[in-house]
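Shown below: input03.txt, with compact mmCIF, C-alpha atoms.
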# COMPACT_ATOMS: atom_id res chain seq x y z
CA MET F 1 16.36 21.67 -27.56
CA ALA F 2 17.52 18.15 -26.80
CA THR F 3 16.39 15.89 -24.00
CA ASP F 4 18.64 13.36 -22.27
CA THR F 5 16.85 10.17 -21.18
CA SER F 6 19.73 9.33 -18.82
CA LYS F 7 18.46 12.19 -16.65
CA TYR F 8 14.92 10.82 -16.45
CA LYS F 9 13.61 9.41 -13.19
CA PHE F 10 10.83 6.95 -12.40
CA ASN F 11 9.29 9.42 -10.01
CA HIS F 12 6.10 7.91 -8.62
CA SER F 13 3.24 5.45 -8.81
CA MET F 14 -0.29 6.70 -8.20
CA LEU F 15 -2.91 4.80 -6.20
CA ARG F 16 -6.46 5.98 -5.55
CA VAL F 17 -7.46 5.59 -1.90
CA LYS F 18 -10.73 5.64 0.01
CA ASP F 19 -9.54 7.19 3.30
CA PRO F 20 -6.29 9.19 3.11
CA LYS F 21 -5.82 9.25 6.88
CA GLU F 22 -5.71 5.46 7.06
CA SER F 23 -3.57 5.11 3.94
CA VAL F 24 -1.03 7.74 4.98
CA LYS F 25 -0.85 6.11 8.42
CA PHE F 26 -0.05 2.74 6.83
CA TYR F 27 2.71 4.01 4.56
CA GLU F 28 4.18 6.10 7.35
CA PHE F 29 4.24 2.94 9.47
CA LEU F 30 6.34 1.44 6.67
CA GLY F 31 8.77 4.30 7.22
CA MET F 32 7.70 6.66 4.47
CA LYS F 33 7.25 10.37 5.02
CA LEU F 34 4.64 12.72 3.58
CA ILE F 35 6.97 14.96 1.58
CA ARG F 36 4.33 16.92 -0.36
CA LYS F 37 0.59 17.43 -0.36
CA LEU F 38 -1.19 19.12 -3.24
CA GLU F 39 -4.73 20.23 -2.49
CA HIS F 40 -7.29 20.81 -5.22
CA PRO F 41 -10.50 21.80 -3.42
CA ASP F 42 -12.11 23.22 -6.57
CA ALA F 43 -11.76 19.85 -8.28
CA LYS F 44 -12.45 18.03 -5.01
CA PHE F 45 -9.32 15.92 -4.78
CA ASP F 46 -6.01 15.95 -2.91
CA LEU F 47 -2.67 14.30 -3.70
CA TYR F 48 -0.36 12.89 -1.03
CA PHE F 49 3.25 12.14 -1.98
CA LEU F 50 5.09 9.71 0.31
CA ALA F 51 8.73 8.69 0.08
CA TYR F 52 11.65 7.46 2.15
CA ASP F 53 13.43 10.52 3.47
CA SER F 54 15.68 9.50 6.37
CA PRO F 55 19.28 10.75 6.26
CA SER F 56 20.27 7.39 4.76
CA ALA F 57 17.56 7.44 2.09
CA VAL F 58 18.61 7.55 -1.56
CA SER F 59 16.71 10.77 -2.27
CA HIS F 60 16.90 12.42 1.16
CA GLY F 61 16.01 16.11 1.09
CA LYS F 62 15.45 16.37 -2.66
CA HIS F 63 12.56 18.14 -4.33
CA TRP F 64 9.71 15.70 -4.89
CA THR F 65 10.11 15.85 -8.68
CA ASP F 66 13.81 14.97 -8.34
CA ARG F 67 13.19 11.62 -6.65
CA GLU F 68 12.41 8.03 -7.45
CA GLY F 69 10.30 5.60 -5.46
CA ILE F 70 7.45 7.93 -4.47
CA ILE F 71 3.93 6.66 -3.86
CA GLU F 72 1.24 9.17 -4.76
CA LEU F 73 -2.10 8.66 -3.03
CA THR F 74 -5.08 10.29 -4.73
CA HIS F 75 -8.14 11.04 -2.60
CA ASN F 76 -11.39 12.14 -4.20
CA TYR F 77 -13.44 14.00 -1.59
CA GLY F 78 -16.23 12.02 0.01
CA THR F 79 -15.04 8.50 -0.70
CA GLU F 80 -14.07 8.02 2.95
CA SER F 81 -17.71 8.32 3.98
CA ASP F 82 -19.20 6.36 1.08
CA PRO F 83 -19.93 2.77 2.19
CA GLU F 84 -20.24 1.67 -1.44
CA TYR F 85 -16.84 3.01 -2.54
CA LYS F 86 -13.98 0.60 -2.98
CA ILE F 87 -11.02 0.35 -5.30
CA VAL F 88 -9.92 -2.55 -7.47
CA ASN F 89 -6.42 -3.64 -6.51
CA GLY F 90 -5.48 -5.00 -9.94
CA ASN F 91 -5.23 -8.61 -8.81
CA THR F 92 -8.82 -9.82 -9.20
CA GLU F 93 -10.49 -11.02 -12.37
CA PRO F 94 -11.59 -9.48 -14.67
CA TYR F 95 -9.67 -6.40 -13.57
CA ARG F 96 -6.10 -7.66 -13.39
CA GLY F 97 -3.33 -5.31 -14.53
CA PHE F 98 -1.38 -3.44 -11.87
CA GLY F 99 0.03 -5.96 -9.41
CA HIS F 100 1.78 -4.34 -6.47
CA VAL F 101 4.29 -1.92 -5.06
CA CYS F 102 7.31 -3.40 -3.29
CA VAL F 103 9.31 -2.33 -0.26
CA SER F 104 12.72 -3.87 0.39
CA VAL F 105 13.76 -4.21 4.04
CA ASP F 106 16.74 -5.07 6.19
CA ASN F 107 15.38 -7.97 8.27
CA ILE F 108 12.32 -9.41 6.56
CA GLN F 109 11.16 -11.65 9.39
CA ALA F 110 11.23 -8.77 11.87
CA ALA F 111 9.63 -6.39 9.37
CA CYS F 112 6.73 -8.76 8.73
CA ALA F 113 6.28 -9.45 12.46
CA ARG F 114 6.12 -5.70 13.10
CA LEU F 115 3.38 -5.28 10.46
CA GLU F 116 1.41 -8.21 11.82
CA GLU F 117 1.66 -6.98 15.41
CA ALA F 118 0.29 -3.62 14.27
CA GLY F 119 -2.81 -5.38 12.97
CA TYR F 120 -2.17 -5.09 9.26
CA ARG F 121 -3.37 -7.91 7.03
CA PHE F 122 -1.37 -10.06 4.65
CA GLN F 123 -2.18 -11.51 1.26
CA LYS F 124 0.76 -13.87 1.75
CA LYS F 125 2.85 -14.34 4.85
CA LEU F 126 6.46 -15.47 4.68
CA THR F 127 5.44 -18.95 5.78
CA ASP F 128 2.71 -19.32 3.15
CA GLY F 129 3.25 -21.27 -0.05
CA ARG F 130 6.51 -22.29 -1.63
CA MET F 131 8.18 -18.87 -1.87
CA ARG F 132 9.46 -18.32 1.66
CA HIS F 133 11.58 -15.28 0.81
CA ILE F 134 8.77 -12.81 0.02
CA ALA F 135 5.56 -11.66 1.66
CA PHE F 136 2.64 -9.51 0.58
CA ALA F 137 1.06 -7.14 3.06
CA LEU F 138 -2.24 -5.42 2.33
CA ASP F 139 -2.70 -1.69 2.64
CA PRO F 140 -6.03 -0.28 3.88
CA ASP F 141 -7.54 -0.43 0.37
CA GLY F 142 -6.34 -3.96 -0.31
CA TYR F 143 -3.46 -3.02 -2.59
CA TRP F 144 -0.68 -5.59 -2.40
CA VAL F 145 2.63 -4.41 -0.92
CA GLU F 146 5.39 -6.92 -1.56
CA ILE F 147 8.05 -7.19 1.14
CA ILE F 148 11.51 -8.40 0.07
CA SER F 149 14.91 -8.39 1.76
CA PHE F 150 18.18 -6.86 0.65
CA ASN F 151 19.95 -9.14 3.13
CA HIS F 152 20.09 -12.92 2.97
CA ILE F 153 17.02 -14.10 4.88
CA GLU F 154 18.86 -17.01 6.50
CA THR F 155 21.11 -14.52 8.25
CA THR F 156 18.20 -12.41 9.54
CA ALA F 157 16.00 -15.21 10.91
CA ASP F 158 16.96 -14.57 14.52
CA ILE F 159 17.10 -10.76 14.34
CA LYS F 160 14.12 -9.28 16.15
CA GLU F 161 14.58 -5.63 15.18
CA THR F 162 14.09 -3.77 11.94
CA SER F 163 14.97 -0.20 11.01
CA VAL F 164 12.46 1.49 8.70
CA GLU F 165 15.10 4.12 7.95
CA THR F 166 16.89 1.54 5.79
CA TYR F 167 13.83 0.61 3.72
CA ARG F 168 13.49 1.31 -0.01
CA MET F 169 10.44 1.71 -2.25
CA ASN F 170 11.94 -0.84 -4.59
CA HIS F 171 9.52 -1.34 -7.46
CA THR F 172 6.07 -1.16 -8.97
CA MET F 173 4.73 -4.18 -10.86
CA ILE F 174 2.40 -4.12 -13.86
CA ARG F 175 1.37 -7.06 -16.01
CA VAL F 176 2.02 -6.81 -19.74
CA LYS F 177 0.46 -8.70 -22.64
CA ASP F 178 3.44 -8.75 -25.02
CA HIS F 179 6.82 -8.56 -23.31
CA GLU F 180 8.71 -7.75 -26.50
CA LYS F 181 6.52 -4.75 -27.29
CA SER F 182 6.62 -3.52 -23.69
CA LEU F 183 10.37 -3.93 -23.34
CA ALA F 184 10.94 -2.09 -26.61
CA PHE F 185 8.66 0.72 -25.44
CA TYR F 186 10.24 1.19 -22.03
CA LYS F 187 13.79 0.91 -23.38
CA ASP F 188 13.56 2.77 -26.69
CA ILE F 189 10.85 5.31 -25.91
CA MET F 190 11.17 5.85 -22.15
CA GLY F 191 14.94 5.34 -21.99
CA MET F 192 14.95 2.72 -19.24
CA LYS F 193 17.51 -0.06 -18.89
CA VAL F 194 16.80 -3.69 -18.09
CA LYS F 195 18.32 -4.22 -14.65
CA ARG F 196 17.34 -7.84 -14.03
CA VAL F 197 15.43 -10.68 -15.72
CA SER F 198 13.86 -13.55 -13.80
CA GLU F 199 12.67 -16.37 -16.06
CA ASN F 200 10.25 -18.92 -14.64
CA PRO F 201 9.42 -21.37 -17.45
CA GLY F 202 8.03 -23.94 -15.01
CA ALA F 203 5.39 -21.47 -13.88
CA LYS F 204 5.18 -19.91 -17.37
CA PHE F 205 5.99 -16.33 -16.50
CA ASN F 206 8.95 -13.96 -16.69
CA LEU F 207 9.77 -10.84 -14.69
CA TYR F 208 11.67 -7.88 -16.17
CA PHE F 209 13.01 -5.16 -13.87
CA LEU F 210 13.74 -1.82 -15.55
CA GLY F 211 14.94 1.53 -14.31
CA TYR F 212 17.15 4.54 -14.86
CA GLY F 213 20.72 5.11 -13.74
CA ALA F 214 23.70 2.76 -13.74
CA GLU F 215 23.63 -0.82 -14.91
CA ALA F 216 22.76 -3.26 -12.16
CA PRO F 217 25.40 -5.72 -10.91
CA ASP F 218 25.06 -9.35 -11.93
CA THR F 219 25.29 -10.52 -8.33
CA SER F 220 24.79 -9.10 -4.88
CA PRO F 221 27.47 -9.22 -2.16
CA ASN F 222 24.77 -10.66 0.13
CA ASP F 223 23.86 -13.37 -2.38
CA THR F 224 20.41 -11.85 -2.75
CA ASN F 225 18.45 -10.19 -5.54
CA PRO F 226 21.07 -7.77 -6.96
CA VAL F 227 18.54 -4.95 -7.32
CA ALA F 228 16.79 -5.46 -3.96
CA ASP F 229 18.38 -2.36 -2.44
CA SER F 230 17.51 -0.20 -5.45
CA GLU F 231 14.81 2.46 -5.52
CA GLY F 232 12.33 3.25 -8.27
CA LEU F 233 12.25 0.17 -10.50
CA LEU F 234 9.46 -0.95 -12.81
CA GLU F 235 8.69 -4.66 -12.85
CA LEU F 236 6.96 -6.03 -15.96
CA THR F 237 5.29 -9.40 -15.45
CA TRP F 238 4.64 -11.43 -18.60
CA ASN F 239 2.55 -14.58 -18.50
CA TYR F 240 3.42 -16.84 -21.42
CA GLY F 241 0.95 -16.90 -24.30
CA THR F 242 -1.03 -13.72 -23.62
CA GLU F 243 0.63 -12.08 -26.61
CA ASN F 244 -1.03 -14.63 -28.93
CA ASP F 245 -4.59 -13.98 -27.74
CA ALA F 246 -6.12 -11.24 -29.85
CA ASP F 247 -8.91 -10.61 -27.34
CA PHE F 248 -6.70 -10.52 -24.25
CA LYS F 249 -6.09 -7.23 -22.46
CA TYR F 250 -5.23 -6.00 -18.98
CA HIS F 251 -7.21 -3.47 -16.96
CA ASN F 252 -5.32 -0.16 -16.76
CA GLY F 253 -6.87 0.97 -13.47
CA ASN F 254 -8.44 4.10 -15.00
CA ASP F 255 -11.32 2.42 -16.76
CA GLN F 256 -14.14 1.62 -14.37
CA PRO F 257 -13.84 0.23 -11.74
CA GLN F 258 -10.78 2.25 -10.79
CA GLY F 259 -7.74 1.77 -8.55
CA PHE F 260 -4.14 2.20 -9.71
CA GLY F 261 -3.85 5.35 -11.81
CA HIS F 262 -0.45 5.77 -13.43
CA ILE F 263 3.29 5.72 -13.17
CA CYS F 264 5.19 8.99 -13.58
CA VAL F 265 8.54 9.88 -15.13
CA SER F 266 10.19 13.22 -14.42
CA VAL F 267 12.33 14.58 -17.24
CA ASP F 268 15.10 17.10 -17.78
CA ASP F 269 13.13 19.30 -20.19
CA LEU F 270 9.39 18.77 -20.45
CA GLU F 271 8.81 20.40 -23.86
CA ALA F 272 11.81 18.68 -25.42
CA ALA F 273 10.85 15.31 -23.96
CA CYS F 274 7.30 15.60 -25.26
CA ALA F 275 8.60 16.65 -28.69
CA ARG F 276 10.78 13.53 -28.72
CA PHE F 277 7.82 11.35 -27.72
CA GLU F 278 5.84 12.91 -30.57
CA GLU F 279 8.63 12.09 -33.01
CA LYS F 280 8.66 8.52 -31.71
CA GLY F 281 4.97 8.22 -32.54
CA VAL F 282 3.68 7.51 -29.03
CA SER F 283 -0.01 7.25 -28.21
CA TRP F 284 -1.11 10.18 -26.07
CA LYS F 285 -3.71 10.31 -23.33
CA LYS F 286 -2.99 14.00 -22.86
CA ARG F 287 -0.57 16.18 -24.75
CA LEU F 288 1.16 18.98 -22.89
CA THR F 289 -1.02 21.52 -24.70
CA ASP F 290 -4.33 19.75 -23.98
CA GLY F 291 -6.72 20.95 -21.30
CA ARG F 292 -6.03 23.37 -18.48
CA MET F 293 -3.08 21.60 -16.86
CA LYS F 294 -0.09 22.68 -18.95
CA ASP F 295 2.59 21.21 -16.69
CA ILE F 296 1.82 17.52 -17.27
CA ALA F 297 1.37 15.13 -20.15
CA PHE F 298 0.26 11.51 -20.27
CA VAL F 299 1.68 8.88 -22.63
CA LEU F 300 0.06 5.47 -23.11
CA ASP F 301 2.20 2.32 -23.05
CA PRO F 302 1.40 -0.77 -25.20
CA ASP F 303 -1.10 -2.04 -22.59
CA ASN F 304 -2.82 1.33 -22.25
CA TYR F 305 -1.29 2.08 -18.84
CA TRP F 306 -0.94 5.82 -18.28
CA ILE F 307 2.54 7.34 -17.88
CA GLU F 308 2.56 10.86 -16.51
CA ILE F 309 5.40 13.11 -17.71
CA ILE F 310 6.49 16.02 -15.50
CA GLN F 311 9.38 18.42 -15.25
CA ASN F 312 12.18 17.66 -12.80
CA GLU F 313 12.09 21.01 -11.02
CA SER F 314 15.66 20.65 -9.76
CA LEU F 315 16.93 20.68 -13.34
CA LYS F 316 14.64 23.37 -14.74
CA GLN F 317 12.02 25.34 -12.86
CA ARG F 318 8.58 25.28 -14.42
CA ALA F 319 5.76 24.73 -11.93
CA SER F 320 5.20 26.04 -8.42
CA TRP F 321 4.51 22.65 -6.88

Re-express the file's structure as structure tokens.
Amino acid sequence: MATDTSKYKFNHSMLRVKDPKESVKFYEFLGMKLIRKLEHPDAKFDLYFLAYDSPSAVSHGKHWTDREGIIELTHNYGTESDPEYKIVNGNTEPYRGFGHVCVSVDNIQAACARLEEAGYRFQKKLTDGRMRHIAFALDPDGYWVEIISFNHIETTADIKETSVETYRMNHTMIRVKDHEKSLAFYKDIMGMKVKRVSENPGAKFNLYFLGYGAEAPDTSPNDTNPVADSEGLLELTWNYGTENDADFKYHNGNDQPQGFGHICVSVDDLEAACARFEEKGVSWKKRLTDGRMKDIAFVLDPDNYWIEIIQNESLKQRASW
């Protein structure tokens, strides 16, 4: 049976959290909704799936496996009361790897003011540094949440209101050692398309935005980032020269100490997709037939990041979640 990569979706990004109540509260404040909770008391962990679900949201009302731009929060029982427990956010040496998730908003100045007034911390405010068009908020565990605008920020400077119902979970950023190997993997193996490239030779890094669906426009009608109003993109950050250092590697978030866990792609036919991955010679963390959980598989990308593979239940029913 064949599998069609054009039907794949970049479903979610998983983050381990210390206190789910505080983390869910933060992402709900950003306008997301808890669309599914999977409890695993025997294994002592719960999963919280949050996504934008207003009537104007891209994936409004869809089954959670038939969406893009979900954030999955994983809570291992007891961490909330353990004073020694903390995650690594992927941005501190020597554990850099995962960088951030990103939410795109209507009026960035008002959106940032709203977060600040609610008492949430920032890694970078709009007024910090040279880049005055982006900000980085911090979630309760210290994960970076980039805030960008899908409107021209000069036109929103005097607007004091923001509507969270218009927000998008735009992208997830991971750092990659060798951009050519990673681009080939995500395009040829995972079936993604390059939507946008941002080259920054002065600062010696490039950004590659990939995703499923239609090709992205070259320009935006608002003269902004043409993919800023998209949902479910993967941003690969490549710092020049890392590919030439034999000893260089990024932290995948699953080796100790832990934080970010994986990204997840939902597919049209799980068995057929995994058979195709096998034919392509991928490295596996978990084959579909391994272990007790027969409804998920994990592929490893060139930097050893985990990619969960699940069935899109709207295309073919398989699991009862």

Would you please work out which residue, of F:Arg114, F:Arg96, F:Lys204, F:Arg168, is nearest to F:Ala57 when using all atoms listed in the file?
F:Arg168

Wanna dump the stretch 236-319 of chain F-stretch 101-111 of chain F contacts at 12 Å for me, each residue with its shortest atom pair and the distance in Å to one decimal, counting all atoms listed in the file, ordered by chain and number, as CSV?
residue,atom,partner,partner_atom,distance
F:Leu236,CA,F:Val101,CA,12.0
F:Phe260,CA,F:Val101,CA,10.5
F:Ile263,CA,F:Val101,CA,11.2

To one decimal place, how far is atom CA of F:Ser13 from atom CA of F:Ile87 in Å?
15.5 Å

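Distances from F:Lys44, F:Lys86, F:Lys9, F:His152 to F:Lys193 were compared using all atoms listed in the file, and the smallest one belongs to F:Lys9.
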
Report as a PyMOL selection string all protein, DNA and RNA residues lying within 7 Å of F:Lys37, evaluated on all atoms listed in the file, omitting residues in the same chain fewer than 3 positions from it.
chain F and resi 47-49

Save the residues we just selected, C-alpha atoms, as a JSON list (two decimals), in the coordinates of the input?
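In the end it all went to out04.json:
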[["chain", "number", "residue", "atom", "x", "y", "z"],
["F", 47, "LEU", "CA", -2.67, 14.30, -3.70],
["F", 48, "TYR", "CA", -0.36, 12.89, -1.03],
["F", 49, "PHE", "CA", 3.25, 12.14, -1.98]]

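Nearest residue to F:Asn252, choosing from F:Leu138, F:Ala157, F:Ile310, F:Leu300 and counting all atoms listed in the file: F:Leu300.
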
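Counting from atom CA of F:Thr166, the distance to atom CA of F:Ser56 is 6.8 Å.
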
Give the answer as one residue: which of F:Glu80, F:Glu231, F:Asp301, F:Asp255 has the shortest atom-to-atom distance to F:Tyr167, using all atoms listed in the file?
F:Glu231

Report as a PyMOL selection string all protein, DNA and RNA residues lying within 8 Å of F:His100, evaluated on all atoms listed in the file, omitting residues in the same chain fewer than 6 positions from it.
chain F and resi 143-146+172-174

Create the file for the chosen residues now, containing C-alpha atoms and written as an mmCIF file, in the coordinates of the input.
data_model
loop_
_atom_site.group_PDB
_atom_site.id
_atom_site.type_symbol
_atom_site.label_atom_id
_atom_site.label_comp_id
_atom_site.auth_asym_id
_atom_site.auth_seq_id
_atom_site.Cartn_x
_atom_site.Cartn_y
_atom_site.Cartn_z
ATOM 1 C CA TYR F 143 -3.460 -3.020 -2.590
ATOM 2 C CA TRP F 144 -0.680 -5.590 -2.400
ATOM 3 C CA VAL F 145 2.630 -4.410 -0.920
ATOM 4 C CA GLU F 146 5.390 -6.920 -1.560
ATOM 5 C CA THR F 172 6.070 -1.160 -8.970
ATOM 6 C CA MET F 173 4.730 -4.180 -10.860
ATOM 7 C CA ILE F 174 2.400 -4.120 -13.860
#

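With distances taken over all atoms listed in the file, F:Leu270 is the one residue among F:Ala203, F:Leu270, F:Ala275, F:Ile70 lying closest to F:Asn312.
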
Compare F:Asn244, F:Ser149, F:Asn11, F:Thr65 by their minimum atom-to-atom distance to F:Lys316, counting all atoms listed in the file, and give me the closest one.
F:Thr65

Using only C-alpha atoms, what residues lie at most 8 Å away from (2.0, 17.9, -25.2) (file coordinates), given as an MDAnalysis selection string?
chainID F and resid 271 274:275 286:290 296:297

Within 12 Å of (-13.0, 17.8, -5.4) (coordinates as in the file), grab all the protein and nucleic acid residues, counting all atoms listed in the file, and write them out as a ChimeraX atom specification.
/F:39-47,74-79

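In this model, the gap between atom CA of F:Ser314 and atom CA of F:Glu68 comes to 13.2 Å.
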